[in-house]
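Asks: Once you've had a glance at the structure underneath, I'll fire off some questions.
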Amino acid sequence: MTASAVRWRMDLFGRGADEDDAEPRVALFVDGPNVLRGEFDVDLDDVREAAAAAGRPATTRLYVDEHATPELIQAAEARGFEVVVTSGDVDVKLAVDLTRFAVEGRADVVAVASRDTDFKPAIEAANACGLRTLAIAPGEHGRSDALRNAAGGSVTLDGDVDA
């Protein structure tokens with residue numbers, strides 16, 4: 001949101017506040033099987049923080065398959081994630097949910113944490129709906145260039161940020 005597009009009003013304490021919420025709503029979608037792998041050593045708190053840099057959470061979801069351990073599910077829920085368990089490949093459910101958030105306008109920013117290029121069409125759909133998009137990679141070797149190029153911004157959890 002540009003400064004010229006912001007309409008300010010004064011709140012009770014005399015601080016400026018945007019009528020439409022100054023902070024964008026961020027929907028975070030995490031591809032558990034592709035991100036939570038031993039080779040990446042990803043902490044869900046780091047993933048959430050990467051998305052939170054773009055705004056306030058509208059939803060924070062971790063998608064896992066039926067092989068996810070109860071300990072993983074419990075740990076994710078303890079960190080504030082809504083855990084979505086699918087009976088097979090998580091890609092379709094995650095992509096449909098991400099696209100639905102975009103089409104319904106339930107977020108201003110969609111962030112997908114994955115290394116899977118299958119989410120490129122969902123990112124493109126969110127872009128077409130006028131949302132900002134963010135690709136979060138689990139590491140330098142787990143980064144999808146296709147996702148990174150399709151998204152408006154990208155973060156690699158080992159430190160690289162492209163706005």
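In the structure tokens, the first chain shown is A, the next is B, and so on; residue numbers restart at 1 for each chain, and ligands run from 1 in the order shown.
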Would you pick out the contacts of Ala76 (chain A) at 8 Å or less, using only C-alpha atoms, so that residues sharing its chain but fewer than 6 positions from it are not included, and give the list as a list in words?

Replies: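 The neighbour list is Leu44, Leu62, Glu82 and Val83 of chain A.
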
Asks: I need the residue nearest Asp45 (chain A) from this list: A:Pro121, A:Phe81, A:Ala68, A:Ala58. Use only C-alpha atoms for the distance.

Replies: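 For Asp45 (chain A), the nearest of the candidates is A:Phe81.
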
Asks: Identify all residues of chain A in helix (DSSP H, G or I) (DSSP on the backbone) and supply them as a ChimeraX atom specification.

Replies: /A:3-5,32-35,44-52,70-78,91-104,117-128,140-142,145-150

Asks: Please identify all polymer residues within 9 Å of Leu147 (chain A), counting only C-alpha atoms, omitting same-chain residues fewer than 4 positions from it, and present them as a PyMOL selection string.

Replies: chain A and resi 112+114-120+123+134-137+143+151+154

Asks: Find the residues around Phe29 (chain A) up to 8 Å (only C-alpha atoms counted), leave out those fewer than 3 positions away in its own chain, and share them as a ChimeraX atom specification.

Replies: /A:60-63,94,98,110-113

Asks: Which of these, A:Val96, A:Ala128, A:Val90, A:Val26, has the shortest distance to Asp108 (chain A) once you count only C-alpha atoms?

Replies: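 The shortest atom-to-atom distance to Asp108 (chain A) comes from A:Val26.
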
Asks: Give the strand (DSSP E or B) residues of region 18-136 of chain A, as DSSP finds them on the backbone, and put them as an MDAnalysis selection string.

Replies: chainID A and resid 18 25:31 56:65 82:86 109:113 132:136

Asks: Could you check which of A:Pro138, A:Gly130, A:Gly80, A:Gly88 is closest to Gly152 (chain A), using only C-alpha atoms?

Replies: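 Distance minimum relative to Gly152 (chain A) lands on A:Gly130.
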
Asks: Which of these, A:Thr99, A:Asn127, A:Ser144, A:Thr156, has the shortest distance to Val42 (chain A) once you count only C-alpha atoms?

Replies: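 Closest to Val42 (chain A) of all the choices is A:Thr156.
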
Asks: Using only C-alpha atoms, can you tell me which of A:Asp145, A:Asp65, A:Glu71, A:Glu124 comes closest to Val84 (chain A)?

Replies: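 Residue with the minimum atom-to-atom distance to Val84 (chain A): A:Asp65.
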
Asks: Given the choices A:Ala54, A:Ala22, A:Glu66, A:Pro33, which gets closest to Leu131 (chain A) if the distance is worked out from only C-alpha atoms?

Replies: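 Closest residue, counting only C-alpha atoms: A:Ala54.
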